[in-house]
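What follows is the content of run-v2.csv (CSV, C-alpha atoms).
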chain,number,residue,atom,x,y,z
A,292,MET,CA,0.0,0.0,0.0
A,293,SER,CA,1.5,3.3,-0.9
A,294,GLY,CA,0.9,6.8,-2.2
A,295,PHE,CA,-0.5,10.1,-1.0
A,296,THR,CA,-1.8,13.3,-2.7
A,297,SER,CA,-2.0,16.9,-1.8
A,298,CYS,CA,-5.7,16.6,-0.9
A,299,CYS,CA,-4.5,14.9,2.3
A,300,LEU,CA,-3.4,18.3,3.5
A,301,GLN,CA,-7.0,19.4,3.7
A,302,THR,CA,-7.5,16.8,6.6
A,303,PHE,CA,-4.8,18.2,8.9
A,304,THR,CA,-5.1,21.3,11.1
A,305,TRP,CA,-1.8,23.0,10.3
A,306,GLY,CA,-0.9,25.8,12.6
A,307,GLY,CA,-3.8,25.0,14.8
A,308,THR,CA,-4.0,25.2,18.6
A,309,PRO,CA,-4.2,21.9,20.5
A,310,THR,CA,-7.5,21.5,22.2
A,311,GLY,CA,-6.6,19.1,25.0
A,312,LYS,CA,-5.2,19.6,28.5
A,313,GLU,CA,-2.3,18.5,30.6
A,314,VAL,CA,-2.8,15.9,33.3
A,315,GLU,CA,-0.8,13.2,35.1
A,316,LEU,CA,-0.8,9.5,34.0
A,317,ALA,CA,1.0,7.0,36.2
A,318,GLY,CA,3.3,9.7,37.5
A,319,ASN,CA,4.1,11.1,34.0
A,320,LYS,CA,3.0,14.5,32.8
A,321,SER,CA,0.7,13.9,29.9
A,322,TYR,CA,-1.4,15.7,27.3
A,323,VAL,CA,-4.9,14.3,27.0
A,324,THR,CA,-7.7,15.0,24.4
A,325,GLY,CA,-11.0,13.3,23.7
A,326,ASP,CA,-13.8,12.0,25.8
A,327,ASN,CA,-14.5,8.4,24.9
A,328,LYS,CA,-14.9,6.4,28.1
A,329,ASP,CA,-14.3,3.0,26.6
A,330,VAL,CA,-11.6,3.5,24.0
A,331,ALA,CA,-8.1,5.0,24.4
A,332,ILE,CA,-5.0,5.5,22.4
A,333,LEU,CA,-1.5,6.0,23.9
A,334,VAL,CA,0.8,8.1,21.7
A,335,ILE,CA,4.6,7.5,22.3
A,336,HIS,CA,6.4,10.5,21.0
A,337,ASP,CA,9.6,10.7,19.1
A,338,LEU,CA,12.6,13.0,19.7
A,339,PHE,CA,10.4,16.1,19.3
A,340,GLY,CA,8.8,15.2,22.6
A,341,TRP,CA,5.3,15.4,24.1
A,342,ARG,CA,5.0,19.2,23.8
A,343,TYR,CA,5.7,19.4,20.1
A,344,PRO,CA,2.6,21.0,18.4
A,345,ASN,CA,2.3,18.5,15.6
A,346,VAL,CA,2.3,15.6,18.1
A,347,ARG,CA,-0.5,17.2,20.1
A,348,LEU,CA,-2.4,18.1,16.9
A,349,LEU,CA,-2.1,14.5,15.8
A,350,ALA,CA,-3.5,13.4,19.1
A,351,ASP,CA,-6.5,15.8,18.6
A,352,HIS,CA,-7.2,14.3,15.2
A,353,LEU,CA,-7.0,10.8,16.5
A,354,ALA,CA,-9.4,11.7,19.3
A,355,ARG,CA,-12.0,13.2,17.0
A,356,GLU,CA,-11.6,11.0,14.0
A,357,ALA,CA,-10.9,7.6,15.6
A,358,ASP,CA,-13.4,8.3,18.4
A,359,ALA,CA,-10.9,7.8,21.3
A,360,THR,CA,-9.5,9.4,24.4
A,361,VAL,CA,-5.8,10.0,23.5
A,362,TYR,CA,-2.9,10.4,25.9
A,363,VAL,CA,0.6,11.7,25.1
A,364,PRO,CA,2.8,11.2,28.2
A,365,ASP,CA,6.3,12.7,28.6
A,366,PHE,CA,8.6,9.7,28.4
A,367,PHE,CA,11.9,11.8,28.4
A,368,GLY,CA,11.7,12.8,32.1
A,369,GLY,CA,11.3,16.4,31.4
A,370,TRP,CA,14.1,16.7,28.9
A,371,GLU,CA,13.1,18.6,25.7
A,372,ALA,CA,14.9,18.7,22.4
A,373,ASP,CA,15.6,22.0,20.6
A,374,TRP,CA,12.9,21.6,18.0
A,375,LYS,CA,14.7,23.8,15.5
A,376,LEU,CA,17.8,21.5,15.6
A,377,VAL,CA,15.7,18.4,15.1
A,378,GLU,CA,13.6,20.0,12.3
A,379,GLU,CA,16.8,21.0,10.5
A,380,GLU,CA,18.5,17.7,11.2
A,381,ARG,CA,21.4,19.4,13.0
A,382,PHE,CA,22.0,16.4,15.1
A,383,ALA,CA,25.7,16.9,15.5
A,384,GLU,CA,24.8,19.9,17.7
A,385,MET,CA,22.9,17.7,20.1
A,386,ASP,CA,24.2,15.6,23.0
A,387,PHE,CA,23.0,12.2,22.0
A,388,GLY,CA,25.3,10.4,24.4
A,389,SER,CA,23.4,11.7,27.4
A,390,PHE,CA,20.1,11.2,25.6
A,391,MET,CA,20.8,7.5,24.9
A,392,LYS,CA,21.9,6.9,28.5
A,393,ASP,CA,18.9,8.6,30.0
A,394,ASN,CA,16.3,7.2,27.6
A,395,ALA,CA,17.6,3.6,26.9
A,396,ARG,CA,14.9,1.0,26.4
A,397,ASP,CA,15.4,-0.6,29.8
A,398,VAL,CA,15.2,2.8,31.5
A,399,ARG,CA,11.9,3.9,29.9
A,400,ALA,CA,10.1,0.6,29.4
A,401,PRO,CA,8.8,0.4,33.0
A,402,GLU,CA,7.0,3.8,32.9
A,403,ILE,CA,5.7,3.1,29.4
A,404,GLU,CA,4.2,-0.1,30.7
A,405,ALA,CA,2.8,1.7,33.8
A,406,CYS,CA,1.0,4.2,31.6
A,407,ALA,CA,-0.6,1.4,29.5
A,408,LYS,CA,-1.6,-0.5,32.6
A,409,ALA,CA,-3.1,2.6,34.2
A,410,LEU,CA,-5.4,3.2,31.2
A,411,LYS,CA,-6.9,-0.3,31.6
A,412,ASP,CA,-7.0,-0.6,35.3
A,413,SER,CA,-9.8,0.6,37.6
A,414,THR,CA,-8.4,4.1,37.7
A,415,HIS,CA,-9.4,4.8,34.0
A,416,GLY,CA,-11.1,1.6,33.0
A,417,PHE,CA,-10.8,1.7,29.2
A,418,LYS,CA,-12.0,-1.4,27.6
A,419,ARG,CA,-9.9,-1.1,24.4
A,420,LEU,CA,-6.4,0.4,24.1
A,421,GLY,CA,-4.3,1.1,21.1
A,422,ALA,CA,-0.8,2.6,20.9
A,423,ILE,CA,1.0,4.5,18.2
A,424,GLY,CA,4.7,5.5,18.3
A,425,PHE,CA,7.0,7.4,16.0
A,426,CYS,CA,10.8,7.0,15.8
A,427,TYR,CA,11.7,6.4,19.5
A,428,GLY,CA,8.2,5.3,20.1
A,429,GLY,CA,8.3,2.6,17.5
A,430,TRP,CA,10.1,0.0,19.7
A,431,ALA,CA,7.9,0.9,22.6
A,432,VAL,CA,4.6,0.1,21.0
A,433,CYS,CA,5.9,-3.2,19.9
A,434,HIS,CA,7.0,-3.8,23.5
A,435,LEU,CA,3.5,-3.1,24.7
A,436,GLY,CA,2.1,-5.5,22.1
A,437,SER,CA,4.5,-8.3,22.8
A,438,ARG,CA,3.6,-11.8,24.1
A,439,GLU,CA,7.1,-12.0,25.6
A,440,ARG,CA,6.8,-8.8,27.6
A,441,GLY,CA,5.7,-10.7,30.7
A,442,GLY,CA,2.0,-11.2,31.4
A,443,GLY,CA,1.1,-10.8,27.7
A,444,ALA,CA,0.2,-7.8,25.6
A,445,LEU,CA,-0.9,-4.6,27.3
A,446,VAL,CA,-2.6,-3.1,24.3
A,447,ASP,CA,-5.0,-4.4,21.7
A,448,VAL,CA,-3.5,-2.9,18.5
A,449,VAL,CA,-0.4,-0.9,17.6
A,450,SER,CA,0.9,1.4,14.8
A,451,PHE,CA,4.3,2.8,14.3
A,452,GLY,CA,6.0,5.2,11.9
A,453,HIS,CA,9.8,5.2,11.1
A,454,PRO,CA,10.8,3.3,14.2
A,455,THR,CA,14.2,3.7,15.8
A,456,PHE,CA,15.9,1.1,18.1
A,457,LEU,CA,13.6,-1.6,16.7
A,458,VAL,CA,15.1,-5.1,16.6
A,459,LYS,CA,13.9,-8.3,14.9
A,460,GLU,CA,12.7,-9.7,18.2
A,461,ASP,CA,10.2,-6.8,18.6
A,462,ILE,CA,8.5,-8.0,15.4
A,463,ALA,CA,8.8,-11.7,16.1
A,464,ASN,CA,7.2,-11.4,19.5
A,465,LEU,CA,4.2,-9.4,18.5
A,466,ALA,CA,0.8,-10.7,19.6
A,467,VAL,CA,-1.5,-7.9,18.3
A,468,PRO,CA,-2.4,-6.4,14.9
A,469,ILE,CA,0.2,-3.9,13.7
A,470,GLN,CA,0.3,-1.1,11.2
A,471,MET,CA,3.7,0.1,9.8
A,472,LEU,CA,3.9,3.6,8.4
A,473,ALA,CA,7.2,3.3,6.4
A,474,PRO,CA,9.0,6.2,4.7
A,475,GLU,CA,11.1,4.9,1.8
A,476,LEU,CA,14.3,6.6,3.0
A,477,ASP,CA,15.0,5.3,6.5
A,478,HIS,CA,18.4,4.6,8.1
A,479,ALA,CA,16.7,3.0,11.1
A,480,PHE,CA,13.9,0.9,9.6
A,481,THR,CA,16.1,-0.5,6.9
A,482,ALA,CA,15.1,-2.4,3.8
A,483,GLU,CA,16.3,-5.6,5.4
A,484,LEU,CA,14.3,-5.0,8.6
A,485,LYS,CA,11.2,-4.0,6.5
A,486,ARG,CA,11.5,-7.3,4.6
A,487,TYR,CA,12.0,-9.2,7.9
A,488,ALA,CA,8.9,-7.6,9.3
A,489,PHE,CA,6.7,-8.4,6.3
A,490,GLU,CA,7.8,-12.1,6.1
A,491,THR,CA,7.6,-12.6,9.9
A,492,LEU,CA,4.2,-11.1,10.2
A,493,LEU,CA,2.9,-13.4,7.4
A,494,GLY,CA,4.2,-16.3,9.4
A,495,LEU,CA,2.6,-15.1,12.6
A,496,GLY,CA,-0.8,-14.8,11.0
A,497,LEU,CA,-1.5,-11.4,12.6
A,498,PRO,CA,-3.5,-8.7,10.8
A,499,PHE,CA,-1.0,-6.1,9.6
A,500,GLU,CA,-0.8,-3.2,7.3
A,501,TYR,CA,2.3,-1.8,5.6
A,502,VAL,CA,2.0,1.8,4.1
A,503,HIS,CA,4.9,2.9,1.9
A,504,TYR,CA,5.8,6.6,1.5
A,505,PRO,CA,8.0,6.9,-1.6
A,506,GLY,CA,10.7,9.6,-1.4
A,507,ILE,CA,9.9,10.4,2.3
A,508,LYS,CA,12.7,10.4,4.8
A,509,HIS,CA,12.9,9.1,8.4
A,510,GLY,CA,11.1,11.6,10.7
A,511,GLY,CA,8.9,13.1,8.0
A,512,LEU,CA,5.6,11.8,9.3
A,513,VAL,CA,5.9,13.9,12.4
A,514,ARG,CA,8.0,16.8,11.2
A,515,GLY,CA,5.8,17.5,8.1
A,516,SER,CA,8.1,20.2,6.8
A,517,GLU,CA,6.9,22.6,4.1
A,518,ALA,CA,10.5,22.9,2.9
A,519,VAL,CA,10.7,19.2,2.0
A,520,ALA,CA,8.9,18.0,-1.1
A,521,HIS,CA,5.7,16.0,-0.3
A,522,GLU,CA,6.6,15.7,3.4
A,523,ARG,CA,3.5,17.5,4.6
A,524,ASP,CA,1.3,15.5,2.3
A,525,ALA,CA,2.8,12.3,3.7
A,526,MET,CA,2.3,13.3,7.3
A,527,ALA,CA,-1.4,14.1,6.7
A,528,ALA,CA,-1.8,10.8,4.8
A,529,ALA,CA,-0.2,8.9,7.6
A,530,LYS,CA,-2.6,10.4,10.1
A,531,ASN,CA,-5.5,9.3,7.8
A,532,SER,CA,-4.1,5.8,7.7
A,533,ALA,CA,-3.7,5.6,11.5
A,534,VAL,CA,-7.3,6.9,12.0
A,535,ALA,CA,-8.6,4.2,9.7
A,536,TRP,CA,-6.5,1.5,11.4
A,537,PHE,CA,-7.7,2.4,14.9
A,538,ARG,CA,-11.3,2.7,13.9
A,539,ARG,CA,-11.1,-0.8,12.4
A,540,HIS,CA,-9.5,-2.4,15.4
A,541,LEU,CA,-10.7,-0.5,18.5
A,542,HIS,CA,-14.4,-0.3,17.7
How does the structure come out when it is put into structure tokens?
Amino acid sequence: MSGFTSCCLQTFTWGGTPTGKEVELAGNKSYVTGDNKDVAILVIHDLFGWRYPNVRLLADHLAREADATVYVPDFFGGWEADWKLVEEERFAEMDFGSFMKDNARDVRAPEIEACAKALKDSTHGFKRLGAIGFCYGGWAVCHLGSRERGGGALVDVVSFGHPTFLVKEDIANLAVPIQMLAPELDHAFTAELKRYAFETLLGLGLPFEYVHYPGIKHGGLVRGSEAVAHERDAMAAAKNSAVAWFRRHLH
């Protein structure tokens, strides 16, 4: 499945103001939007973090269009990237050594699990829970949907876009339907890993969807830069695909 057109832009609130509020979820500061009492979606952010406007606008869209209550917790412990450096891919000017140490998979996995558990326990009581993650959040949603995580999957369905830190075991251990939003040009979700994911999921017999974005680079589905050809179109199209995926599997 691939392709997107400029008409996709008409479906995304560019330059809008997020309509949700900030709350606390399992001890993490969180953005929440939507009012469905039965269905929730957990958004696991990328390097831009939980305050980045496009991340919050995406959450608003998912809440309205997928009919869910959507949470975007802070999973970087209060650390925030310089958005301009990330948008312009000036990564050499950022301290990735400290970032990797403070936000390693084993460091953040417990609080990511805690947020998912909180949404389904008696505190919130959601009956159906999905999770979507971009870049850094890609491995995390697979972790939540894994049969090897201990105690089984914590979510009912997942979606990811241009995942980072993903390993083959993350795919092999999945126990829930997965959607893969995959830019063509991706140093992290490589062609080899994409092939592995496709072949492995066929063997697992899980429902899955693979959406290909030709000419789009890693990070583009959140950044949505006007300066990069077709990137805004791709971001809006990815949102539409995620909405359709969650409507299909959470209702």
I'd like the interatomic distance between CA of Glu402 (chain A) and CA of Leu512 (chain A), to a tenth of an Å.
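Result for CA of Glu402 (chain A) versus CA of Leu512 (chain A): 25.0 Å, one decimal.
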List as a VMD selection string the protein and nucleic acid residues near Leu457 (chain A), meaning an atom at most 12 Å away when all atoms listed in the file are counted, but skip any in the same chain fewer than 3 places from it.
chain A and resid 396 424 to 434 451 to 454 460 to 463 478 to 481 484 to 485 487 to 488
File dump, residues just selected, C-alpha atoms, as a compact mmCIF listing (two decimals), in the coordinates of the input:
# COMPACT_ATOMS: atom_id res chain seq x y z
CA ARG A 396 14.90 1.00 26.40
CA GLY A 424 4.70 5.50 18.30
CA PHE A 425 7.00 7.40 16.00
CA CYS A 426 10.80 7.00 15.80
CA TYR A 427 11.70 6.40 19.50
CA GLY A 428 8.20 5.30 20.10
CA GLY A 429 8.30 2.60 17.50
CA TRP A 430 10.10 0.00 19.70
CA ALA A 431 7.90 0.90 22.60
CA VAL A 432 4.60 0.10 21.00
CA CYS A 433 5.90 -3.20 19.90
CA HIS A 434 7.00 -3.80 23.50
CA PHE A 451 4.30 2.80 14.30
CA GLY A 452 6.00 5.20 11.90
CA HIS A 453 9.80 5.20 11.10
CA PRO A 454 10.80 3.30 14.20
CA GLU A 460 12.70 -9.70 18.20
CA ASP A 461 10.20 -6.80 18.60
CA ILE A 462 8.50 -8.00 15.40
CA ALA A 463 8.80 -11.70 16.10
CA HIS A 478 18.40 4.60 8.10
CA ALA A 479 16.70 3.00 11.10
CA PHE A 480 13.90 0.90 9.60
CA THR A 481 16.10 -0.50 6.90
CA LEU A 484 14.30 -5.00 8.60
CA LYS A 485 11.20 -4.00 6.50
CA TYR A 487 12.00 -9.20 7.90
CA ALA A 488 8.90 -7.60 9.30
Straight-line distance linking CA of Leu333 (chain A) with CA of Tyr362 (chain A), stated in Å to one decimal:
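About the pair CA of Leu333 (chain A) and CA of Tyr362 (chain A): they are 5.0 Å apart.
In this comparison, which uses only C-alpha atoms, the residue of A:Ala535, A:Ile423, A:Val361, A:Leu497 approaching Val314 (chain A) most closely is A:Val361.
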At a cut-off of 10 Å, using all atoms listed in the file, what residues contact Asp351 (chain A)? Leave out same-chain residues fewer than 3 positions from it and give the result as a list in words.
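The residues satisfying every condition are Thr304, Thr308, Pro309, Thr310, Gly311, Val323, Thr324, Gly325, Asn345, Val346, Arg347, Leu348, Ala354, Arg355, Glu356, Ala357, Ala359, Thr360, Val361 and Tyr362 of chain A.
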Provide an axis-aligned box for all listed atoms of region 421-433 of chain A, padding each side by 8 Å; report its centre and its edge lengths in Å to one decimal, as AutoDock Vina command-line options.
--center_x 3.7 --center_y 2.1 --center_z 19.2 --size_x 32.0 --size_y 26.6 --size_z 22.8
Pairwise distance for CA of Glu371 (chain A) and CA of Val534 (chain A), rounded to one decimal in Å
27.2 Å
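Shortest atom-to-atom contact with Val363 (chain A) among A:Arg381, A:Lys328, A:Lys418, A:Lys320: A:Lys320, counting only C-alpha atoms.
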Rank nothing, just name the residue among A:Lys530, A:Arg539, A:Lys411, A:His336 nearest to Phe499 (chain A), using only C-alpha atoms.
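Between A:Lys530, A:Arg539, A:Lys411, A:His336, the residue approaching Phe499 (chain A) most closely is A:Arg539.
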Which residues are near Ala405 (chain A)? Cut-off 10 Å, all atoms listed in the file, ignore same chain within fewer than 3 positions. Put them as a ChimeraX atom specification.
/A:316-319,400-402,408-410,445
Which residue, A:Ser450, A:Thr491, A:Ser437, A:Ser413, has the smallest gap to Ala466 (chain A) when you use all atoms listed in the file?
A:Ser437
Complete the atoms of region 426-437 of chain A to all heavy atoms and put them out as a short mmCIF file (atom, residue, chain, number, x, y, z; two decimals), keeping the file's coordinate frame.
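Writing the result to selection-v9.cif gives the following:
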data_model
loop_
_atom_site.label_atom_id
_atom_site.label_comp_id
_atom_site.auth_asym_id
_atom_site.auth_seq_id
_atom_site.Cartn_x
_atom_site.Cartn_y
_atom_site.Cartn_z
N CYS A 426 9.37 7.02 15.54
CA CYS A 426 10.80 7.00 15.80
C CYS A 426 11.09 6.31 17.13
O CYS A 426 10.93 5.10 17.21
CB CYS A 426 11.32 8.48 15.81
SG CYS A 426 13.12 8.64 15.80
N TYR A 427 11.47 7.03 18.18
CA TYR A 427 11.70 6.40 19.50
C TYR A 427 10.55 5.58 19.96
O TYR A 427 10.74 4.53 20.58
CB TYR A 427 12.04 7.52 20.50
CG TYR A 427 12.30 7.02 21.90
CD1 TYR A 427 13.58 6.66 22.28
CD2 TYR A 427 11.26 6.89 22.82
CE1 TYR A 427 13.83 6.18 23.56
CE2 TYR A 427 11.49 6.42 24.10
CZ TYR A 427 12.77 6.07 24.46
OH TYR A 427 13.02 5.58 25.72
N GLY A 428 9.36 6.03 19.66
CA GLY A 428 8.20 5.30 20.10
C GLY A 428 7.88 4.02 19.42
O GLY A 428 7.03 3.24 19.86
N GLY A 429 8.59 3.75 18.30
CA GLY A 429 8.30 2.60 17.50
C GLY A 429 8.59 1.26 18.27
O GLY A 429 7.77 0.33 18.29
N TRP A 430 9.77 1.18 18.89
CA TRP A 430 10.10 0.00 19.70
C TRP A 430 9.13 -0.19 20.83
O TRP A 430 8.74 -1.30 21.20
CB TRP A 430 11.53 0.00 20.17
CG TRP A 430 11.76 0.99 21.28
CD1 TRP A 430 12.20 2.28 21.17
CD2 TRP A 430 11.52 0.78 22.69
NE1 TRP A 430 12.25 2.89 22.39
CE2 TRP A 430 11.85 2.00 23.35
CE3 TRP A 430 11.08 -0.30 23.44
CZ2 TRP A 430 11.75 2.15 24.73
CZ3 TRP A 430 10.96 -0.15 24.82
CH2 TRP A 430 11.30 1.07 25.46
N ALA A 431 8.71 0.96 21.40
CA ALA A 431 7.90 0.90 22.60
C ALA A 431 6.52 0.35 22.38
O ALA A 431 6.00 -0.40 23.22
CB ALA A 431 7.82 2.33 23.21
N VAL A 432 5.89 0.69 21.25
CA VAL A 432 4.60 0.10 21.00
C VAL A 432 4.65 -1.37 20.76
O VAL A 432 3.75 -2.12 21.15
CB VAL A 432 3.83 0.85 19.85
CG1 VAL A 432 3.63 2.32 20.18
CG2 VAL A 432 4.53 0.69 18.52
N CYS A 433 5.74 -1.80 20.11
CA CYS A 433 5.90 -3.20 19.90
C CYS A 433 6.12 -3.93 21.28
O CYS A 433 5.62 -5.05 21.50
CB CYS A 433 7.13 -3.51 19.03
SG CYS A 433 6.87 -3.05 17.30
N HIS A 434 6.82 -3.29 22.18
CA HIS A 434 7.00 -3.80 23.50
C HIS A 434 5.66 -4.00 24.22
O HIS A 434 5.41 -5.03 24.86
CB HIS A 434 7.91 -2.88 24.32
CG HIS A 434 8.15 -3.30 25.74
ND1 HIS A 434 8.93 -4.38 26.07
CD2 HIS A 434 7.68 -2.80 26.92
CE1 HIS A 434 8.96 -4.52 27.39
NE2 HIS A 434 8.20 -3.58 27.92
N LEU A 435 4.79 -3.03 24.08
CA LEU A 435 3.50 -3.10 24.70
C LEU A 435 2.61 -4.21 24.08
O LEU A 435 1.73 -4.76 24.73
CB LEU A 435 2.76 -1.77 24.62
CG LEU A 435 3.37 -0.62 25.41
CD1 LEU A 435 2.58 0.66 25.16
CD2 LEU A 435 3.42 -0.93 26.91
N GLY A 436 2.86 -4.50 22.80
CA GLY A 436 2.10 -5.50 22.10
C GLY A 436 2.72 -6.87 22.04
O GLY A 436 2.28 -7.74 21.28
N SER A 437 3.75 -7.08 22.87
CA SER A 437 4.50 -8.30 22.80
C SER A 437 3.97 -9.41 23.72
O SER A 437 3.56 -9.14 24.85
CB SER A 437 5.98 -8.04 23.18
OG SER A 437 6.71 -9.24 23.28
#
